[in-house]
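Below is structure12.txt, holding compact mmCIF, C-alpha atoms and all ligand atoms.
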```txt
# COMPACT_ATOMS: atom_id res chain seq x y z
CA MET A 8 -8.38 13.21 -22.31
CA PRO A 9 -11.02 10.66 -21.34
CA GLY A 10 -10.35 8.25 -24.24
CA GLN A 11 -6.66 8.19 -23.56
CA LEU A 12 -7.32 7.82 -19.84
CA THR A 13 -9.64 4.85 -20.35
CA THR A 14 -7.06 3.10 -22.50
CA GLY A 15 -4.40 3.75 -19.90
CA VAL A 16 -6.60 2.46 -17.10
CA PHE A 17 -7.35 -0.68 -19.07
CA LEU A 18 -3.66 -1.32 -19.65
CA TRP A 19 -3.02 -0.76 -15.97
CA LEU A 20 -5.70 -3.23 -14.92
CA THR A 21 -4.54 -5.81 -17.42
CA ALA A 22 -1.12 -5.54 -15.94
CA ALA A 23 -2.48 -5.58 -12.39
CA CYS A 24 -4.45 -8.81 -12.97
CA GLY A 25 -1.21 -10.42 -14.00
CA VAL A 26 0.75 -8.68 -11.22
CA LEU A 27 3.63 -6.66 -12.58
CA PRO A 28 6.94 -8.36 -11.87
CA GLY A 29 9.70 -6.60 -9.98
CA PRO A 30 11.27 -6.38 -6.55
CA TYR A 31 8.15 -4.95 -4.84
CA ALA A 32 5.25 -5.78 -7.14
CA GLU A 33 2.65 -6.50 -4.48
CA MET A 34 -0.94 -6.30 -5.68
CA GLY A 35 -2.98 -3.28 -4.74
CA ILE A 36 -6.09 -4.17 -2.77
CA ASN A 37 -9.21 -3.48 -4.83
CA GLY A 38 -11.56 -1.05 -3.09
CA TYR A 39 -14.50 -2.25 -5.18
CA VAL A 40 -15.15 -5.52 -7.01
CA ASP A 41 -17.67 -6.82 -9.50
CA PRO A 42 -19.16 -9.82 -7.60
CA ASN A 43 -19.84 -11.59 -10.92
CA THR A 44 -16.21 -11.68 -12.00
CA TRP A 45 -14.37 -10.84 -8.76
CA ARG A 46 -12.25 -8.41 -10.74
CA HIS A 47 -11.66 -4.80 -9.85
CA SER A 48 -14.68 -2.58 -10.48
CA ASN A 49 -14.97 1.12 -11.17
CA PRO A 50 -16.62 2.38 -7.94
CA ALA A 51 -19.24 4.20 -10.09
CA ALA A 52 -20.33 1.04 -11.96
CA PRO A 53 -23.82 -0.25 -11.02
CA GLU A 54 -22.48 -3.70 -10.10
CA ALA A 55 -19.67 -2.32 -7.91
CA ARG A 56 -19.52 -3.54 -4.31
CA VAL A 57 -17.06 -2.58 -1.61
CA ASN A 58 -14.55 -5.43 -1.61
CA PRO A 59 -15.71 -7.88 1.11
CA ILE A 60 -12.08 -8.47 2.04
CA PHE A 61 -12.59 -5.38 4.23
CA ARG A 62 -14.25 -5.74 7.62
CA GLY A 63 -13.84 -2.21 9.01
CA TRP A 64 -12.66 1.35 8.42
CA ALA A 65 -11.15 4.15 10.48
CA THR A 66 -13.71 5.45 12.96
CA GLU A 67 -12.09 8.54 14.50
CA VAL A 68 -9.24 11.03 14.07
CA VAL A 69 -7.18 11.63 17.21
CA GLU A 70 -4.56 13.95 15.76
CA TYR A 71 -4.19 15.93 12.54
CA ALA A 72 -0.97 17.93 12.26
CA PRO A 73 -0.56 19.16 8.66
CA ALA A 74 2.66 20.81 7.49
CA ASP A 75 0.73 23.64 5.79
CA GLN A 76 -1.22 26.24 7.78
CA THR A 77 -3.10 27.88 4.92
CA TRP A 78 -5.11 26.07 2.26
CA SER A 79 -6.41 27.12 -1.15
CA GLY A 80 -9.22 24.57 -1.03
CA ASN A 81 -11.06 22.18 1.25
CA TRP A 82 -8.07 19.85 1.59
CA ASN A 83 -7.69 20.05 5.37
CA ASP A 84 -10.79 18.25 6.65
CA PRO A 85 -9.49 15.18 8.54
CA ALA A 86 -12.98 13.61 8.69
CA LYS A 87 -12.55 12.74 5.01
CA ALA A 88 -10.16 9.95 6.05
CA LEU A 89 -12.94 8.13 7.93
CA GLY A 90 -15.30 5.46 6.65
CA PRO A 91 -15.15 3.34 3.50
CA VAL A 92 -13.05 4.15 0.44
CA THR A 93 -14.90 6.05 -2.30
CA GLY A 94 -12.48 6.29 -5.24
CA ASN A 95 -13.18 10.04 -5.31
CA ILE A 96 -9.92 11.99 -5.68
CA ALA A 97 -11.42 14.93 -3.75
CA ASP A 98 -12.58 12.82 -0.77
CA VAL A 99 -9.16 13.18 0.88
CA VAL A 100 -7.36 15.04 3.64
CA SER A 101 -3.93 16.39 2.72
CA LEU A 102 -0.93 16.36 5.04
CA GLY A 103 0.69 19.48 3.54
CA GLU A 104 4.13 19.92 1.98
CA LEU A 105 7.49 21.02 3.34
CA THR A 106 9.73 23.41 1.44
CA GLN A 107 13.46 22.75 1.28
CA GLN A 108 14.01 25.53 3.81
CA GLU A 109 11.47 24.03 6.25
CA THR A 110 13.14 20.64 5.90
CA LEU A 111 16.55 22.18 6.67
CA LEU A 112 15.04 23.90 9.72
CA GLY A 113 13.77 20.56 11.00
CA VAL A 114 10.06 21.35 10.65
CA PRO A 115 8.23 18.02 11.06
CA PRO A 116 6.31 16.67 8.05
CA GLY A 117 2.51 16.54 8.19
CA SER A 118 0.80 13.60 9.90
CA ILE A 119 -2.58 12.18 10.84
CA THR A 120 -3.49 9.52 13.42
CA LEU A 121 -6.63 7.41 13.01
CA VAL A 122 -8.46 5.16 15.47
CA PHE A 123 -9.81 1.67 14.79
CA GLY A 124 -12.22 -0.46 16.72
CA ASP A 125 -14.59 0.06 19.64
CA PRO A 126 -13.65 -1.77 22.86
CA ASN A 127 -17.34 -1.67 23.90
CA SER A 128 -18.54 -3.38 20.73
CA PRO A 129 -18.82 -7.15 20.24
CA ASP A 130 -17.74 -6.63 16.61
CA ASP A 131 -14.62 -4.78 17.66
CA ASP A 132 -12.72 -4.09 14.45
CA VAL A 133 -9.35 -3.48 16.05
CA ILE A 134 -6.52 -4.46 13.65
CA ARG A 135 -4.85 -7.82 14.34
CA ASP A 136 -1.91 -9.63 12.79
CA GLY A 137 -3.88 -12.35 11.06
CA SER A 138 -2.63 -14.47 8.20
CA GLY A 139 -1.66 -12.27 5.23
CA TYR A 140 -2.19 -8.53 4.96
CA ASP A 141 -3.95 -6.78 7.84
CA PHE A 142 -4.96 -3.31 6.58
CA ALA A 143 -4.75 -1.15 3.46
CA VAL A 144 -4.18 2.58 2.92
CA PHE A 145 -5.80 4.48 0.02
CA GLU A 146 -4.17 7.65 -1.34
CA ASN A 147 -5.31 9.38 -4.56
CA GLY A 148 -2.31 8.75 -6.81
CA MET A 149 -2.83 8.27 -10.53
CA VAL A 150 -1.09 6.42 -13.32
CA SER A 151 0.48 8.84 -15.79
CA GLN A 152 -0.95 8.67 -19.29
CA VAL A 153 1.92 10.50 -20.95
CA THR A 154 5.68 10.65 -21.16
CA THR A 155 6.93 14.23 -20.83
CA GLY A 156 10.19 16.10 -20.55
CA MET A 157 9.21 16.94 -16.96
CA GLY A 158 9.95 13.53 -15.48
CA SER A 159 6.68 11.72 -16.22
CA LEU A 160 6.83 8.24 -17.77
CA GLN A 161 3.61 6.76 -19.16
CA GLY A 162 2.40 3.90 -16.99
CA GLN A 163 4.30 5.01 -13.90
CA LEU A 164 2.64 6.53 -10.85
CA LEU A 165 2.25 10.21 -10.01
CA ALA A 166 2.78 9.40 -6.36
CA GLU A 167 2.81 11.01 -2.96
CA LEU A 168 4.13 8.71 -0.27
CA ALA A 169 3.83 8.43 3.50
CA TYR A 170 5.43 6.39 6.27
CA VAL A 171 3.01 4.10 8.10
CA GLU A 172 3.11 3.61 11.87
CA VAL A 173 0.92 1.56 14.20
CA SER A 174 0.21 1.65 17.93
CA SER A 175 -1.80 -0.19 20.56
CA ASN A 176 -1.78 2.49 23.26
CA GLY A 177 -1.64 5.69 21.19
CA VAL A 178 1.78 6.58 22.64
CA ASP A 179 4.27 4.02 21.36
CA PHE A 180 4.31 3.66 17.56
CA ALA A 181 6.18 1.12 15.40
CA ARG A 182 7.02 2.25 11.86
CA PHE A 183 6.94 -0.15 8.91
CA PRO A 184 10.49 -0.48 7.54
CA ALA A 185 10.27 1.19 4.14
CA VAL A 186 12.25 0.63 0.95
CA SER A 187 12.62 3.19 -1.86
CA LEU A 188 14.95 2.40 -4.75
CA THR A 189 13.84 5.38 -6.89
CA PRO A 190 17.16 6.70 -8.20
CA ALA A 191 16.62 10.48 -8.27
CA ARG A 192 14.29 13.39 -7.63
CA THR A 193 11.14 13.31 -9.77
CA GLY A 194 10.27 17.02 -9.65
CA ALA A 195 6.76 18.42 -9.28
CA TYR A 196 5.35 16.52 -12.27
CA GLY A 197 7.51 13.39 -12.21
CA THR A 198 6.51 9.76 -11.75
CA ILE A 199 7.96 6.77 -9.92
CA ASP A 200 8.04 3.04 -10.67
CA MET A 201 5.95 1.62 -7.84
CA ARG A 202 7.94 -1.61 -8.00
CA ASN A 203 10.83 0.30 -6.43
CA VAL A 204 8.78 1.12 -3.33
CA HIS A 205 7.79 -1.05 -0.36
CA ASN A 206 6.01 -0.41 2.95
CA LEU A 207 5.13 3.18 2.09
CA ALA A 208 1.50 4.26 1.66
CA GLY A 209 0.54 5.85 -1.67
CA LYS A 210 2.11 3.37 -4.13
CA HIS A 211 -1.17 2.20 -5.71
CA PRO A 212 -3.50 4.33 -7.88
CA ASN A 213 -6.93 5.49 -6.66
CA GLY A 214 -9.11 7.80 -8.76
CA TYR A 215 -10.55 8.21 -12.26
CA GLY A 216 -12.29 4.83 -12.11
CA VAL A 217 -9.39 2.89 -10.60
CA CYS A 218 -9.58 2.20 -6.85
CA THR A 219 -6.69 0.34 -5.25
CA GLY A 220 -4.98 0.63 -1.87
CA THR A 221 -1.59 -0.37 -0.50
CA PRO A 222 -1.62 -3.41 1.81
CA PHE A 223 0.41 -3.79 5.00
CA ASN A 224 1.25 -6.94 6.95
CA LEU A 225 1.83 -6.42 10.68
CA GLU A 226 4.03 -9.51 10.69
CA GLU A 227 6.77 -7.35 9.14
CA LEU A 228 6.99 -5.47 12.46
CA ALA A 229 7.54 -8.59 14.58
CA ASP A 230 11.20 -7.81 15.32
CA GLN A 231 10.79 -4.08 16.04
CA PRO A 232 12.00 -3.13 19.55
CA ASP A 233 8.63 -1.79 20.77
CA VAL A 234 6.93 -4.97 19.57
CA LEU A 235 9.48 -7.24 21.27
CA SER A 236 9.13 -5.27 24.52
CA GLY A 237 5.33 -5.54 24.39
CA LYS A 238 4.65 -1.80 24.07
CA VAL A 239 3.08 -2.44 20.66
CA ASP A 240 0.76 -5.48 20.52
CA LEU A 241 0.37 -6.62 16.91
CA ASP A 242 -2.89 -8.34 17.82
CA ALA A 243 -4.43 -5.15 19.20
CA ILE A 244 -3.62 -2.22 16.94
CA ARG A 245 -6.00 0.69 17.60
CA TYR A 246 -4.03 3.50 15.95
CA VAL A 247 -2.57 4.01 12.49
CA ARG A 248 -0.48 7.12 11.80
CA LEU A 249 0.49 8.38 8.34
CA VAL A 250 3.54 10.64 8.21
CA ASP A 251 4.14 12.47 4.94
CA VAL A 252 7.42 11.95 3.09
CA PRO A 253 8.50 15.29 1.59
CA GLY A 254 9.99 13.79 -1.55
CA ASP A 255 13.10 15.95 -1.97
CA GLY A 256 15.33 13.15 -0.69
CA SER A 257 15.84 14.51 2.82
CA PHE A 258 13.95 11.58 4.31
CA LEU A 259 15.35 8.04 4.15
CA ASP A 260 14.02 4.52 3.86
CA ASP A 261 15.01 1.56 6.10
CA ALA A 262 16.41 -0.71 3.38
CA ALA A 263 19.26 -1.91 5.60
CA GLN A 264 16.66 -3.68 7.77
CA GLN A 265 15.30 -5.74 4.87
CA VAL A 266 17.91 -8.40 4.11
CA GLU A 267 21.55 -9.10 4.93
CA PRO A 268 23.31 -7.70 1.85
CA ASN A 269 26.03 -10.38 1.81
CA THR A 270 23.73 -13.38 1.90
CA GLY A 271 22.29 -13.31 -1.61
CA PRO A 272 22.75 -12.23 -5.19
CA GLN A 273 22.06 -8.62 -6.17
CA TRP A 274 21.42 -7.61 -2.57
CA SER A 275 24.29 -5.15 -2.16
CA LYS A 276 21.86 -2.23 -2.46
CA TYR A 277 20.59 -3.21 1.01
CA ALA A 278 23.89 -2.29 2.64
CA GLY A 279 22.52 1.15 3.45
CA ASN A 280 19.41 3.32 3.48
CA HIS A 281 18.27 5.46 0.54
CA PRO A 282 16.63 8.86 0.08
CA ILE A 283 12.89 8.58 -0.67
CA TYR A 284 11.71 10.52 -3.72
CA ASP A 285 8.15 11.33 -4.75
CA GLN A 286 6.40 14.26 -6.45
CA TRP A 287 7.96 17.34 -4.87
CA PRO A 288 7.22 20.13 -4.35
CA THR A 289 3.42 19.86 -4.39
CA TRP A 290 0.85 22.53 -3.55
CA GLY A 291 -2.93 22.96 -3.31
CA SER A 292 -3.56 19.51 -1.89
CA GLY A 293 0.10 19.48 -0.84
CA GLY A 294 1.76 16.32 0.41
CA PHE A 295 0.17 12.91 0.99
CA ASP A 296 -3.61 12.82 0.40
CA LEU A 297 -5.34 10.26 2.62
CA GLU A 298 -8.61 8.83 1.32
CA ALA A 299 -9.28 5.87 3.64
CA VAL A 300 -7.73 3.11 5.73
CA GLY A 301 -9.50 -0.26 5.71
CA VAL A 302 -9.15 -3.27 8.02
CA LEU A 303 -8.72 -6.56 6.13
CA ARG A 304 -10.19 -9.95 6.84
CA GLU A 305 -7.65 -12.70 7.29
CA GLN A 306 -6.38 -14.37 4.11
CA ARG A 307 -6.01 -18.07 4.81
CA TYR A 308 -4.64 -18.85 1.34
CA GLY A 309 -1.30 -17.24 0.61
CA ALA A 310 -1.42 -19.04 -2.74
CA ASP A 311 -4.23 -16.66 -3.76
CA VAL A 312 -1.49 -14.52 -5.29
CA ASN A 313 -3.84 -12.04 -6.97
CA LEU A 314 -6.06 -11.65 -3.89
CA ASP A 315 -9.39 -12.43 -5.54
CA GLY A 316 -10.28 -14.99 -2.86
CA ILE A 317 -9.70 -18.22 -4.80
CA VAL A 318 -6.59 -20.25 -5.64
CA ASP A 319 -6.95 -21.03 -9.32
CA SER A 320 -5.19 -21.10 -12.69
CA CYS A 321 -4.67 -17.33 -12.62
CA ASP A 322 -2.53 -17.73 -9.48
CA LEU A 323 -0.75 -20.71 -11.00
CA SER A 324 0.29 -18.64 -14.00
CA LEU A 325 1.65 -15.99 -11.64
CA LEU A 326 3.63 -18.64 -9.77
CA ALA A 327 4.95 -19.92 -13.09
CA SER A 328 6.06 -16.45 -14.16
CA ALA A 329 8.05 -16.05 -10.92
CA TRP A 330 9.44 -19.61 -10.99
CA GLN A 331 13.08 -20.00 -9.89
CA SER A 332 13.50 -16.25 -9.40
CA TYR A 333 15.34 -14.68 -6.48
CA PHE A 334 14.39 -11.56 -4.56
CA GLY A 335 15.84 -8.66 -6.53
CA GLN A 336 15.44 -10.21 -9.97
CA ALA A 337 13.11 -8.73 -12.57
CA GLN A 338 10.53 -11.54 -12.51
CA TRP A 339 10.47 -11.80 -8.71
CA ASN A 340 7.04 -11.85 -7.06
CA ASP A 341 7.17 -11.74 -3.27
CA ARG A 342 3.74 -13.34 -2.87
CA CYS A 343 5.00 -16.52 -4.53
CA ASP A 344 7.61 -17.09 -1.80
CA LEU A 345 5.04 -19.16 0.08
CA ALA A 346 6.91 -21.70 2.21
CA GLY A 347 8.09 -20.69 5.65
CA PRO A 348 10.63 -19.78 6.71
CA ARG A 349 10.82 -17.62 3.59
CA ASP A 350 14.04 -18.09 1.64
CA HIS A 351 13.72 -15.36 -1.05
CA VAL A 352 13.56 -17.85 -3.91
CA VAL A 353 10.49 -19.32 -5.64
CA ASN A 354 11.05 -23.07 -5.90
CA LEU A 355 9.60 -26.52 -5.20
CA ARG A 356 9.09 -25.79 -1.50
CA ASP A 357 6.75 -22.97 -2.53
CA PHE A 358 5.02 -25.09 -5.15
CA ALA A 359 4.25 -27.71 -2.49
CA VAL A 360 2.45 -25.06 -0.43
CA PHE A 361 0.67 -23.81 -3.52
CA ALA A 362 -0.51 -27.33 -4.41
CA SER A 363 -1.82 -27.91 -0.89
CA GLN A 364 -3.99 -24.76 -1.18
CA TRP A 365 -5.20 -25.45 -4.73
CA GLN A 366 -8.85 -24.43 -5.27
CA GLY A 367 -9.07 -22.96 -1.77
CA VAL A 368 -11.78 -20.29 -1.41
CA GLU A 369 -11.67 -17.53 1.17
CA GLU A 370 -14.67 -17.17 3.49
CA TRP A 371 -14.93 -13.46 2.77
CA ARG A 372 -15.58 -14.19 -0.89
CA THR A 373 -19.06 -15.32 0.12
CA GLN A 374 -19.77 -12.11 2.02
CA VAL A 375 -20.72 -9.63 -0.72
CA LYS A 376 -23.53 -7.45 0.58
CA GLU A 377 -26.30 -6.07 -1.63
CA ASP A 378 -25.73 -2.48 -0.58
CA CA B 401 -0.67 -10.29 8.94
CA CA B 402 -1.20 15.90 -2.48
CA CA B 403 -6.61 -15.90 -6.98
CA CA B 404 10.63 -19.87 -1.20
```

Go through the file and emit its structure as C-alpha cells.
Ligand SMILES: [Ca+2]
Ligand SMILES: [Ca+2]
Ligand SMILES: [Ca+2]
Ligand SMILES: [Ca+2]
Amino acid sequence: MPGQLTTGVFLWLTAACGVLPGPYAEMGINGYVDPNTWRHSNPAAPEARVNPIFRGWATEVVEYAPADQTWSGNWNDPAKALGPVTGNIADVVSLGELTQQETLLGVPPGSITLVFGDPNSPDDDVIRDGSGYDFAVFENGMVSQVTTGMGSLQGQLLAELAYVEVSSNGVDFARFPAVSLTPARTGAYGTIDMRNVHNLAGKHPNGYGVCTGTPFNLEELADQPDVLSGKVDLDAIRYVRLVDVPGDGSFLDDAAQQVEPNTGPQWSKYAGNHPIYDQWPTWGSGGFDLEAVGVLREQRYGADVNLDGIVDSCDLSLLASAWQSYFGQAQWNDRCDLAGPRDHVVNLRDFAVFASQWQGVEEWRTQVKED
C-alpha cells in the first residue's frame, strides 16, 4: 500500500535523523542526499545526488559462490554488486539460502568477493583505515509497515544479514567481529530490531525510496591476529567478502570479543557468543542480497554524529540525548563516545571533544557533483 508505505518511510527517516537510541544504533549511510538540505533523498527525486561522502565503488568480482544452484529469476548476476548504489531492490546479486539439512551437512553459506582500487591509477580507491567509517555495504532490506502474527513488528527491519571480511592480498581475510542480540528465530516473514545487530551487513533499509547502507570502521579489526601479523594491511584493503548468515541460529556472532563482561554494568551478555537470527528460510532471491559496496571519504569530525558533514545543533541534541549513558543502556549512542581511549560512557570528556569540533565542516560536503 503506497500511502501506508510513504507514512512508514517518513517515520523511519524522522527517527533516523534523530538516530534511534539503543546498544547499536549507528546511523545508516545515506546513498543519496538532497544538496540543499543535506538530508537523505529518495534516489528517484530530481534533486538527488549520490552522497559525496563516497569516493569509490567496487570495480570487479573475483569470486561468486552462491549457496543455491538454481534460480527462479535473475538474482545470480554478480555484476549487479559493482558500481554506485541505485536504491533499486532488483539491482542486487543474491548469495542463496541454506536449508537446515544443508547446514547440518556443513555446506558453506553463499559468498561474494569484490575488488577495490586500481594499483595503476593515480586515484587509486583502495580502502584505507582513515578517521571514522571506511566503507558501507548496501543490501535491499525494508522496514516492515505492519505487525503480523508471523513475527513482523511494524518499524522493525525485514533483514538478511551477512558477515563482512576484508583482505589486502586476496588470500588472508579478517572478519569484523559481529554482535547479534536478537533473542529468537524470526521465521520467513519475521523482523529484527536493528539496534540488536552490529558489524553485520544488511542492518539498514534500502529500497522503496529509502537508500541507506551499513558502515564499517576498519579500526575495529586492529587487534585481529592477521592484522597484527601484517597479513592484512588496514591501509591497503583491496578485497571485501560478504558471507551470508543463514538465519536459523546455526551461525554465531563474536560478542565475547566486544567488551570484558565483568568490567561494566549490564555487560554480562558479552560473556559468550550468540546465534544470529534473520529472515529464514528465504527463497527466490534467497539469502543476502548485495546491492553495492562504497568506499567512504575520511570523516575528520567524529562529533558529526548524524553524518551530514557538519557539527551543529542537530548533533548537539543527539549528544544531549545520550548524555551520561553507558554502553548497553537504552539511550546509549556509540557515536557520542568521542574521547579516546573510549570508555563506554558519554560524559564531560566527550563533550570537550565535541566542543572542540563545533561547527566543523567536512571537505566532502563541498564536493556534490552536478551529475
Ligand atoms: Ca576508520
Ligand atoms: Ca534475499
Ligand atoms: Ca551533523
Ligand atoms: Ca566517553

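CA of Lys87 (chain A) sits 25.0 Å away from CA of Thr106 (chain A).
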
task = Name the residues, by chain letter and number, that sit within 10 Å of ligand CA 402 (chain B) using all atoms listed in the file, and give them as a ChimeraX atom specification.
result = /A:82,99-104,146-148,166-168,251,286-297

inquiry  = Rounded to one decimal, what separation in Å do you get between CA of Asn280 (chain A) and CA of Leu188 (chain A)?
reply    =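 Separation of CA of Asn280 (chain A) and CA of Leu188 (chain A): 9.4 Å.
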
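With the cut-off set to 12 Å and only C-alpha atoms and all ligand atoms counted, the residues surrounding ligand CA 401 (chain B) are A:Ile134, A:Arg135, A:Asp136, A:Gly137, A:Ser138, A:Gly139, A:Tyr140, A:Asp141, A:Phe142, A:Ala143, A:Pro222, A:Phe223, A:Asn224, A:Leu225, A:Glu226, A:Glu227, A:Leu228, A:Ala229, A:Leu241, A:Asp242, A:Ile244, A:Val302, A:Leu303, A:Arg304, A:Glu305, A:Gln306, A:Arg307, A:Gly309.
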
Would you tabulate, counting all atoms listed in the file, all residues of chain A that have an atom at most 6 Å from an atom of ligand CA 404 (chain B), showing the closest pair of atoms and their distance in Å to one decimal, sorted by chain then ascending number, as a Markdown table?
```
| residue | atom | partner | partner_atom | distance |
| --- | --- | --- | --- | --- |
| A:Asp344 | CA | B:CA404 | CA | 4.1 |
| A:Leu345 | CA | B:CA404 | CA | 5.8 |
| A:Ala346 | CA | B:CA404 | CA | 5.4 |
| A:Arg349 | CA | B:CA404 | CA | 5.3 |
| A:Asp350 | CA | B:CA404 | CA | 4.8 |
| A:His351 | CA | B:CA404 | CA | 5.5 |
| A:Val352 | CA | B:CA404 | CA | 4.5 |
| A:Val353 | CA | B:CA404 | CA | 4.5 |
| A:Asn354 | CA | B:CA404 | CA | 5.7 |
| A:Asp357 | CA | B:CA404 | CA | 5.1 |
```
